[in-house]
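Below: one structure, written as structure tokens.
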Amino acid sequence: LTQRIEACLEKTFGFSIPVLIRTKKEIQALIEREPFKQIRVTPATRLYVTFLSEPGKGTLKAPYKSKEGDFQLLEVNPAEILFVFILSDGRRTTDAMDVMLKEFGNTVTTRNWNTVCKMLK
């Protein structure tokens, strides 16, 4: 299915677009785990899931917290990476996404936790 979708996207748009598929059951199990329940959420807090196409190869291990305190890696498992990013002056969410791409490769996709939760609706 992944290959069929990728082929269709490439035919439509003229360039390769990697596709990652998760079942409804997998998304539901992730949400039911409540991986961010211990995080105090403020208006500057962003909760993210990076979905992996293959087990992570990055050097960052969980738990990890940046020296600035604005990036916290909660969990790395073969299917996804769960992390928290705090917005601050000069730091944007794209900075966190860049870390995920650098650490775990180009065949990952990152989604806000709110978006992941909406997938079941």
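Identifiers in the structure tokens: chain A, B, ... in order shown; residue index from 1 per chain; ligand index from 1 in order shown.
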Self-check item: Spatial neighbours of range 76-82 of chain A, 8 Å, only C-alpha atoms, chain gap at least 5 places, as a PyMOL selection string
Solution: chain A and resi 35+47-56+61-62
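The neighbours of range 91-106 of chain A here are the residues that come within 7 Å of it, using only C-alpha atoms and leaving out any residue fewer than 5 positions away in the same chain; they are Gly56, Lys57, Gly58, Thr59 and Phe85 of chain A.
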Exercise. Between CA of Gln28 in chain A and CA of Gln72 in chain A, measure the distance and give it in Å to one decimal.
Key: 23.3 Å
Quiz item: Residues of range 14-120 of chain A in strand (DSSP E) according to DSSP, as a list of chain:residue names?
Solution: A:Thr45, A:Arg46, A:Leu47, A:Tyr48, A:Val49, A:Thr50, A:Phe51, A:Leu52, A:Tyr64, A:Lys65, A:Phe71, A:Gln72, A:Leu73, A:Leu74, A:Glu75, A:Val76, A:Glu80, A:Ile81, A:Leu82, A:Phe83, A:Val84, A:Phe85, A:Ile86, A:Val108, A:Thr109, A:Thr110, A:Arg111, A:Asn112
Dump of N, CA and C atoms for the selected residues, as a tab-separated table (two decimals), in the first residue's frame:
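The result, written out as part-v4.tsv:
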```tsv
chain	number	residue	atom	x	y	z
A	45	THR	N	4.07	25.62	25.07
A	45	THR	CA	4.41	24.20	25.01
A	45	THR	C	3.86	23.56	23.74
A	46	ARG	N	4.72	22.79	23.08
A	46	ARG	CA	4.30	22.04	21.90
A	46	ARG	C	4.65	20.57	22.13
A	47	LEU	N	3.69	19.71	21.93
A	47	LEU	CA	3.86	18.27	22.09
A	47	LEU	C	3.89	17.63	20.71
A	48	TYR	N	4.89	16.79	20.45
A	48	TYR	CA	5.06	16.23	19.11
A	48	TYR	C	5.33	14.73	19.13
A	49	VAL	N	4.91	14.11	18.02
A	49	VAL	CA	5.24	12.71	17.73
A	49	VAL	C	5.92	12.69	16.38
A	50	THR	N	7.11	12.12	16.33
A	50	THR	CA	7.78	11.89	15.06
A	50	THR	C	7.62	10.41	14.74
A	51	PHE	N	6.94	10.13	13.65
A	51	PHE	CA	6.72	8.75	13.22
A	51	PHE	C	7.90	8.31	12.36
A	52	LEU	N	8.40	7.11	12.63
A	52	LEU	CA	9.56	6.57	11.93
A	52	LEU	C	9.13	5.52	10.90
A	64	TYR	N	15.97	12.83	27.51
A	64	TYR	CA	16.97	13.84	27.17
A	64	TYR	C	16.32	15.21	27.32
A	65	LYS	N	17.08	16.16	27.83
A	65	LYS	CA	16.62	17.54	27.93
A	65	LYS	C	17.77	18.45	27.50
A	71	PHE	N	13.85	21.78	24.80
A	71	PHE	CA	13.64	20.55	24.03
A	71	PHE	C	13.80	19.37	24.96
A	72	GLN	N	12.76	18.54	25.04
A	72	GLN	CA	12.80	17.38	25.92
A	72	GLN	C	12.34	16.15	25.14
A	73	LEU	N	13.20	15.18	25.05
A	73	LEU	CA	12.91	13.91	24.39
A	73	LEU	C	12.38	12.95	25.45
A	74	LEU	N	11.14	12.54	25.30
A	74	LEU	CA	10.51	11.68	26.30
A	74	LEU	C	10.70	10.19	26.02
A	75	GLU	N	10.61	9.82	24.74
A	75	GLU	CA	10.65	8.40	24.40
A	75	GLU	C	11.11	8.22	22.97
A	76	VAL	N	11.96	7.22	22.76
A	76	VAL	CA	12.34	6.78	21.43
A	76	VAL	C	12.06	5.29	21.38
A	80	GLU	N	8.14	5.40	16.87
A	80	GLU	CA	7.99	6.84	17.00
A	80	GLU	C	8.90	7.43	18.07
A	81	ILE	N	8.98	8.76	18.00
A	81	ILE	CA	9.73	9.55	18.98
A	81	ILE	C	8.75	10.55	19.56
A	82	LEU	N	8.73	10.66	20.87
A	82	LEU	CA	7.83	11.59	21.55
A	82	LEU	C	8.68	12.69	22.18
A	83	PHE	N	8.34	13.95	21.85
A	83	PHE	CA	9.14	15.03	22.41
A	83	PHE	C	8.30	16.27	22.67
A	84	VAL	N	8.86	17.13	23.52
A	84	VAL	CA	8.24	18.39	23.91
A	84	VAL	C	9.18	19.51	23.49
A	85	PHE	N	8.58	20.57	22.95
A	85	PHE	CA	9.36	21.75	22.57
A	85	PHE	C	8.68	22.97	23.15
A	86	ILE	N	9.47	23.84	23.77
A	86	ILE	CA	8.95	25.08	24.36
A	86	ILE	C	9.39	26.24	23.47
A	108	VAL	N	11.03	10.42	8.02
A	108	VAL	CA	10.23	10.57	9.23
A	108	VAL	C	9.19	11.65	8.97
A	109	THR	N	8.15	11.64	9.76
A	109	THR	CA	7.19	12.73	9.69
A	109	THR	C	6.77	13.09	11.10
A	110	THR	N	6.72	14.37	11.38
A	110	THR	CA	6.41	14.85	12.72
A	110	THR	C	5.04	15.50	12.73
A	111	ARG	N	4.25	15.16	13.75
A	111	ARG	CA	2.91	15.71	13.90
A	111	ARG	C	2.71	16.22	15.32
A	112	ASN	N	1.98	17.32	15.42
A	112	ASN	CA	1.58	17.85	16.70
A	112	ASN	C	0.65	16.84	17.38
```
Quiz item: What does the distance from CA of Lys67 in chain A to CA of Ile39 in chain A come to in Å, to one decimal?
Solution: 17.8 Å
Can you pull out every residue within 12 Å of Leu1 in chain A, counting only C-alpha atoms, but drop anything in the same chain fewer than 3 positions away, and send it as a PDB file with all heavy atoms, in the first residue's frame?
```pdb
ATOM      1  N   ARG A   4       2.214   1.861  -3.462  1.00  0.00           N
ATOM      2  CA  ARG A   4       1.172   2.323  -4.390  1.00  0.00           C
ATOM      3  C   ARG A   4       0.866   3.802  -4.165  1.00  0.00           C
ATOM      4  O   ARG A   4       0.715   4.567  -5.111  1.00  0.00           O
ATOM      5  CB  ARG A   4      -0.098   1.481  -4.252  1.00  0.00           C
ATOM      6  CG  ARG A   4       0.086   0.078  -4.795  1.00  0.00           C
ATOM      7  CD  ARG A   4      -1.190  -0.704  -4.968  1.00  0.00           C
ATOM      8  NE  ARG A   4      -2.352  -0.250  -4.261  1.00  0.00           N
ATOM      9  CZ  ARG A   4      -3.135  -1.023  -3.507  1.00  0.00           C
ATOM     10  NH1 ARG A   4      -2.855  -2.292  -3.354  1.00  0.00           N
ATOM     11  NH2 ARG A   4      -4.201  -0.525  -2.918  1.00  0.00           N
ATOM     12  N   ILE A   5       0.764   4.200  -2.917  1.00  0.00           N
ATOM     13  CA  ILE A   5       0.482   5.608  -2.604  1.00  0.00           C
ATOM     14  C   ILE A   5       1.653   6.484  -3.053  1.00  0.00           C
ATOM     15  O   ILE A   5       1.459   7.543  -3.663  1.00  0.00           O
ATOM     16  CB  ILE A   5       0.189   5.799  -1.102  1.00  0.00           C
ATOM     17  CG1 ILE A   5      -1.111   5.079  -0.738  1.00  0.00           C
ATOM     18  CG2 ILE A   5       0.115   7.284  -0.751  1.00  0.00           C
ATOM     19  CD1 ILE A   5      -1.373   4.990   0.759  1.00  0.00           C
ATOM     20  N   GLU A   6       2.882   6.051  -2.771  1.00  0.00           N
ATOM     21  CA  GLU A   6       4.060   6.824  -3.185  1.00  0.00           C
ATOM     22  C   GLU A   6       4.123   6.974  -4.698  1.00  0.00           C
ATOM     23  O   GLU A   6       4.425   8.058  -5.213  1.00  0.00           O
ATOM     24  CB  GLU A   6       5.339   6.171  -2.662  1.00  0.00           C
ATOM     25  CG  GLU A   6       5.536   6.337  -1.171  1.00  0.00           C
ATOM     26  CD  GLU A   6       6.748   5.625  -0.622  1.00  0.00           C
ATOM     27  OE1 GLU A   6       7.260   4.687  -1.263  1.00  0.00           O
ATOM     28  OE2 GLU A   6       7.180   6.010   0.479  1.00  0.00           O
ATOM     29  N   ALA A   7       3.810   5.903  -5.427  1.00  0.00           N
ATOM     30  CA  ALA A   7       3.819   5.959  -6.893  1.00  0.00           C
ATOM     31  C   ALA A   7       2.766   6.933  -7.412  1.00  0.00           C
ATOM     32  O   ALA A   7       3.022   7.720  -8.344  1.00  0.00           O
ATOM     33  CB  ALA A   7       3.589   4.569  -7.478  1.00  0.00           C
ATOM     34  N   CYS A   8       1.594   6.923  -6.817  1.00  0.00           N
ATOM     35  CA  CYS A   8       0.524   7.839  -7.215  1.00  0.00           C
ATOM     36  C   CYS A   8       0.911   9.293  -6.936  1.00  0.00           C
ATOM     37  O   CYS A   8       0.687  10.176  -7.783  1.00  0.00           O
ATOM     38  CB  CYS A   8      -0.761   7.470  -6.488  1.00  0.00           C
ATOM     39  SG  CYS A   8      -2.174   8.460  -6.965  1.00  0.00           S
ATOM     40  N   VAL A  19       5.979   8.022   2.192  1.00  0.00           N
ATOM     41  CA  VAL A  19       4.706   7.811   2.878  1.00  0.00           C
ATOM     42  C   VAL A  19       4.938   6.887   4.068  1.00  0.00           C
ATOM     43  O   VAL A  19       5.631   5.881   3.954  1.00  0.00           O
ATOM     44  CB  VAL A  19       3.672   7.187   1.913  1.00  0.00           C
ATOM     45  CG1 VAL A  19       2.399   6.785   2.643  1.00  0.00           C
ATOM     46  CG2 VAL A  19       3.365   8.149   0.775  1.00  0.00           C
ATOM     47  N   LEU A  20       4.348   7.237   5.193  1.00  0.00           N
ATOM     48  CA  LEU A  20       4.361   6.384   6.378  1.00  0.00           C
ATOM     49  C   LEU A  20       2.913   6.081   6.723  1.00  0.00           C
ATOM     50  O   LEU A  20       2.092   6.999   6.772  1.00  0.00           O
ATOM     51  CB  LEU A  20       5.019   7.092   7.564  1.00  0.00           C
ATOM     52  CG  LEU A  20       6.523   7.251   7.453  1.00  0.00           C
ATOM     53  CD1 LEU A  20       6.873   8.650   7.027  1.00  0.00           C
ATOM     54  CD2 LEU A  20       7.142   6.930   8.772  1.00  0.00           C
ATOM     55  N   ILE A  21       2.613   4.836   6.971  1.00  0.00           N
ATOM     56  CA  ILE A  21       1.241   4.435   7.281  1.00  0.00           C
ATOM     57  C   ILE A  21       1.186   3.881   8.698  1.00  0.00           C
ATOM     58  O   ILE A  21       2.038   3.087   9.103  1.00  0.00           O
ATOM     59  CB  ILE A  21       0.743   3.371   6.287  1.00  0.00           C
ATOM     60  CG1 ILE A  21       0.662   3.982   4.879  1.00  0.00           C
ATOM     61  CG2 ILE A  21      -0.617   2.823   6.712  1.00  0.00           C
ATOM     62  CD1 ILE A  21       0.267   3.006   3.813  1.00  0.00           C
ATOM     63  N   ARG A  22       0.171   4.307   9.421  1.00  0.00           N
ATOM     64  CA  ARG A  22      -0.136   3.754  10.743  1.00  0.00           C
ATOM     65  C   ARG A  22      -1.601   3.346  10.730  1.00  0.00           C
ATOM     66  O   ARG A  22      -2.450   4.052  10.179  1.00  0.00           O
ATOM     67  CB  ARG A  22       0.086   4.788  11.857  1.00  0.00           C
ATOM     68  CG  ARG A  22       1.512   5.211  12.053  1.00  0.00           C
ATOM     69  CD  ARG A  22       2.389   4.038  12.509  1.00  0.00           C
ATOM     70  NE  ARG A  22       3.737   4.430  12.843  1.00  0.00           N
ATOM     71  CZ  ARG A  22       4.746   4.414  12.001  1.00  0.00           C
ATOM     72  NH1 ARG A  22       4.578   4.071  10.737  1.00  0.00           N
ATOM     73  NH2 ARG A  22       5.955   4.760  12.394  1.00  0.00           N
TER      74      ARG A  22
END
```
Exercise. Any chance you could list, as number ranges by chain, the residues in chain A that come up helix (DSSP H, G or I) when DSSP is run on the backbone?
Key: A: 2-13, 24-32, 93-104, 113-118
Let's have the selection written as a short mmCIF file (atom, residue, chain, number, x, y, z; two decimals), in the first residue's frame, with N, CA, C and O atoms.
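Result went into selection21.cif, see below:
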```
data_model
loop_
_atom_site.label_atom_id
_atom_site.label_comp_id
_atom_site.auth_asym_id
_atom_site.auth_seq_id
_atom_site.Cartn_x
_atom_site.Cartn_y
_atom_site.Cartn_z
N THR A 2 1.92 1.24 0.80
CA THR A 2 2.82 2.39 0.85
C THR A 2 3.40 2.68 -0.52
O THR A 2 3.41 3.83 -0.98
N GLN A 3 3.87 1.65 -1.20
CA GLN A 3 4.47 1.83 -2.52
C GLN A 3 3.45 2.34 -3.53
O GLN A 3 3.78 3.18 -4.38
N ARG A 4 2.21 1.86 -3.46
CA ARG A 4 1.17 2.32 -4.39
C ARG A 4 0.87 3.80 -4.17
O ARG A 4 0.72 4.57 -5.11
N ILE A 5 0.76 4.20 -2.92
CA ILE A 5 0.48 5.61 -2.60
C ILE A 5 1.65 6.48 -3.05
O ILE A 5 1.46 7.54 -3.66
N GLU A 6 2.88 6.05 -2.77
CA GLU A 6 4.06 6.82 -3.18
C GLU A 6 4.12 6.97 -4.70
O GLU A 6 4.43 8.06 -5.21
N ALA A 7 3.81 5.90 -5.43
CA ALA A 7 3.82 5.96 -6.89
C ALA A 7 2.77 6.93 -7.41
O ALA A 7 3.02 7.72 -8.34
N CYS A 8 1.59 6.92 -6.82
CA CYS A 8 0.52 7.84 -7.21
C CYS A 8 0.91 9.29 -6.94
O CYS A 8 0.69 10.18 -7.78
N LEU A 9 1.49 9.54 -5.78
CA LEU A 9 1.93 10.90 -5.44
C LEU A 9 3.01 11.38 -6.39
O LEU A 9 2.98 12.53 -6.85
N GLU A 10 3.95 10.51 -6.70
CA GLU A 10 5.03 10.90 -7.62
C GLU A 10 4.48 11.20 -9.01
O GLU A 10 4.87 12.17 -9.65
N LYS A 11 3.54 10.38 -9.47
CA LYS A 11 2.92 10.61 -10.78
C LYS A 11 2.15 11.93 -10.78
O LYS A 11 2.21 12.70 -11.75
N THR A 12 1.47 12.22 -9.70
CA THR A 12 0.65 13.43 -9.60
C THR A 12 1.50 14.69 -9.49
O THR A 12 1.24 15.70 -10.15
N PHE A 13 2.52 14.66 -8.63
CA PHE A 13 3.28 15.87 -8.31
C PHE A 13 4.64 15.96 -9.01
O PHE A 13 5.29 17.00 -8.98
N LYS A 24 -5.32 2.53 12.42
CA LYS A 24 -6.15 3.18 13.43
C LYS A 24 -5.85 2.57 14.80
O LYS A 24 -5.76 3.29 15.81
N LYS A 25 -5.64 1.28 14.83
CA LYS A 25 -5.34 0.58 16.09
C LYS A 25 -4.02 1.07 16.69
O LYS A 25 -3.90 1.26 17.90
N GLU A 26 -3.02 1.30 15.85
CA GLU A 26 -1.72 1.80 16.34
C GLU A 26 -1.85 3.22 16.90
O GLU A 26 -1.28 3.52 17.96
N ILE A 27 -2.60 4.06 16.20
CA ILE A 27 -2.80 5.44 16.68
C ILE A 27 -3.59 5.43 17.98
O ILE A 27 -3.26 6.14 18.93
N GLN A 28 -4.60 4.60 18.04
CA GLN A 28 -5.42 4.50 19.25
C GLN A 28 -4.58 4.04 20.45
O GLN A 28 -4.67 4.59 21.54
N ALA A 29 -3.73 3.05 20.24
CA ALA A 29 -2.87 2.54 21.31
C ALA A 29 -1.91 3.63 21.80
O ALA A 29 -1.67 3.77 23.01
N LEU A 30 -1.38 4.41 20.87
CA LEU A 30 -0.48 5.51 21.24
C LEU A 30 -1.22 6.54 22.09
O LEU A 30 -0.72 6.95 23.15
N ILE A 31 -2.40 6.92 21.68
CA ILE A 31 -3.18 7.92 22.42
C ILE A 31 -3.57 7.40 23.79
O ILE A 31 -3.48 8.12 24.79
N GLU A 32 -3.96 6.14 23.87
CA GLU A 32 -4.36 5.56 25.15
C GLU A 32 -3.22 5.48 26.15
O GLU A 32 -3.44 5.47 27.35
N THR A 93 9.37 25.94 16.18
CA THR A 93 9.12 24.50 16.10
C THR A 93 9.91 23.86 14.95
O THR A 93 10.28 22.69 15.05
N THR A 94 10.18 24.61 13.91
CA THR A 94 10.96 24.04 12.80
C THR A 94 12.37 23.67 13.26
O THR A 94 12.98 22.76 12.70
N ASP A 95 12.88 24.34 14.28
CA ASP A 95 14.19 23.97 14.84
C ASP A 95 14.14 22.55 15.40
O ASP A 95 15.07 21.76 15.22
N ALA A 96 13.07 22.21 16.09
CA ALA A 96 12.91 20.87 16.64
C ALA A 96 12.76 19.84 15.52
O ALA A 96 13.31 18.75 15.59
N MET A 97 12.00 20.19 14.49
CA MET A 97 11.82 19.28 13.35
C MET A 97 13.16 19.01 12.67
O MET A 97 13.44 17.89 12.25
N ASP A 98 14.00 20.05 12.56
CA ASP A 98 15.32 19.89 11.96
C ASP A 98 16.17 18.90 12.76
O ASP A 98 16.91 18.10 12.18
N VAL A 99 16.06 18.94 14.09
CA VAL A 99 16.78 17.99 14.94
C VAL A 99 16.32 16.56 14.62
O VAL A 99 17.14 15.66 14.46
N MET A 100 15.01 16.36 14.48
CA MET A 100 14.48 15.03 14.18
C MET A 100 14.98 14.52 12.84
O MET A 100 15.40 13.36 12.72
N LEU A 101 14.98 15.38 11.82
CA LEU A 101 15.46 14.98 10.50
C LEU A 101 16.95 14.64 10.54
O LEU A 101 17.38 13.63 9.97
N LYS A 102 17.73 15.47 11.23
CA LYS A 102 19.17 15.25 11.31
C LYS A 102 19.48 13.96 12.07
O LYS A 102 20.32 13.17 11.66
N GLU A 103 18.79 13.74 13.16
CA GLU A 103 19.06 12.58 14.01
C GLU A 103 18.51 11.27 13.45
O GLU A 103 19.14 10.23 13.59
N PHE A 104 17.32 11.33 12.84
CA PHE A 104 16.64 10.08 12.50
C PHE A 104 16.36 9.89 11.02
O PHE A 104 15.72 8.93 10.63
N TRP A 113 0.74 16.71 18.69
CA TRP A 113 -0.08 15.76 19.43
C TRP A 113 -1.56 15.99 19.19
O TRP A 113 -2.34 15.05 19.09
N ASN A 114 -1.98 17.26 19.10
CA ASN A 114 -3.39 17.55 18.83
C ASN A 114 -3.84 16.95 17.50
O ASN A 114 -4.95 16.43 17.39
N THR A 115 -2.98 17.02 16.50
CA THR A 115 -3.29 16.44 15.19
C THR A 115 -3.41 14.93 15.29
O THR A 115 -4.32 14.33 14.71
N VAL A 116 -2.50 14.30 16.02
CA VAL A 116 -2.56 12.84 16.20
C VAL A 116 -3.87 12.45 16.86
O VAL A 116 -4.54 11.51 16.42
N CYS A 117 -4.28 13.18 17.88
CA CYS A 117 -5.53 12.87 18.57
C CYS A 117 -6.74 13.04 17.65
O CYS A 117 -7.71 12.27 17.75
N LYS A 118 -6.70 14.01 16.76
CA LYS A 118 -7.80 14.24 15.82
C LYS A 118 -7.93 13.12 14.79
O LYS A 118 -8.98 12.97 14.16
#
```
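Coordinates place CA of Thr107 in chain A at a distance of 14.7 Å from CA of Phe15 in chain A.
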Practice problem: Go through A:Glu68, A:Met119, A:Pro63, A:Lys37 one by one, measure the shortest atom-to-atom distance of each to Thr23 in chain A using only C-alpha atoms, and give the residue with the smallest value. | Solution: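 For Thr23 in chain A, the nearest of the given residues is A:Met119.
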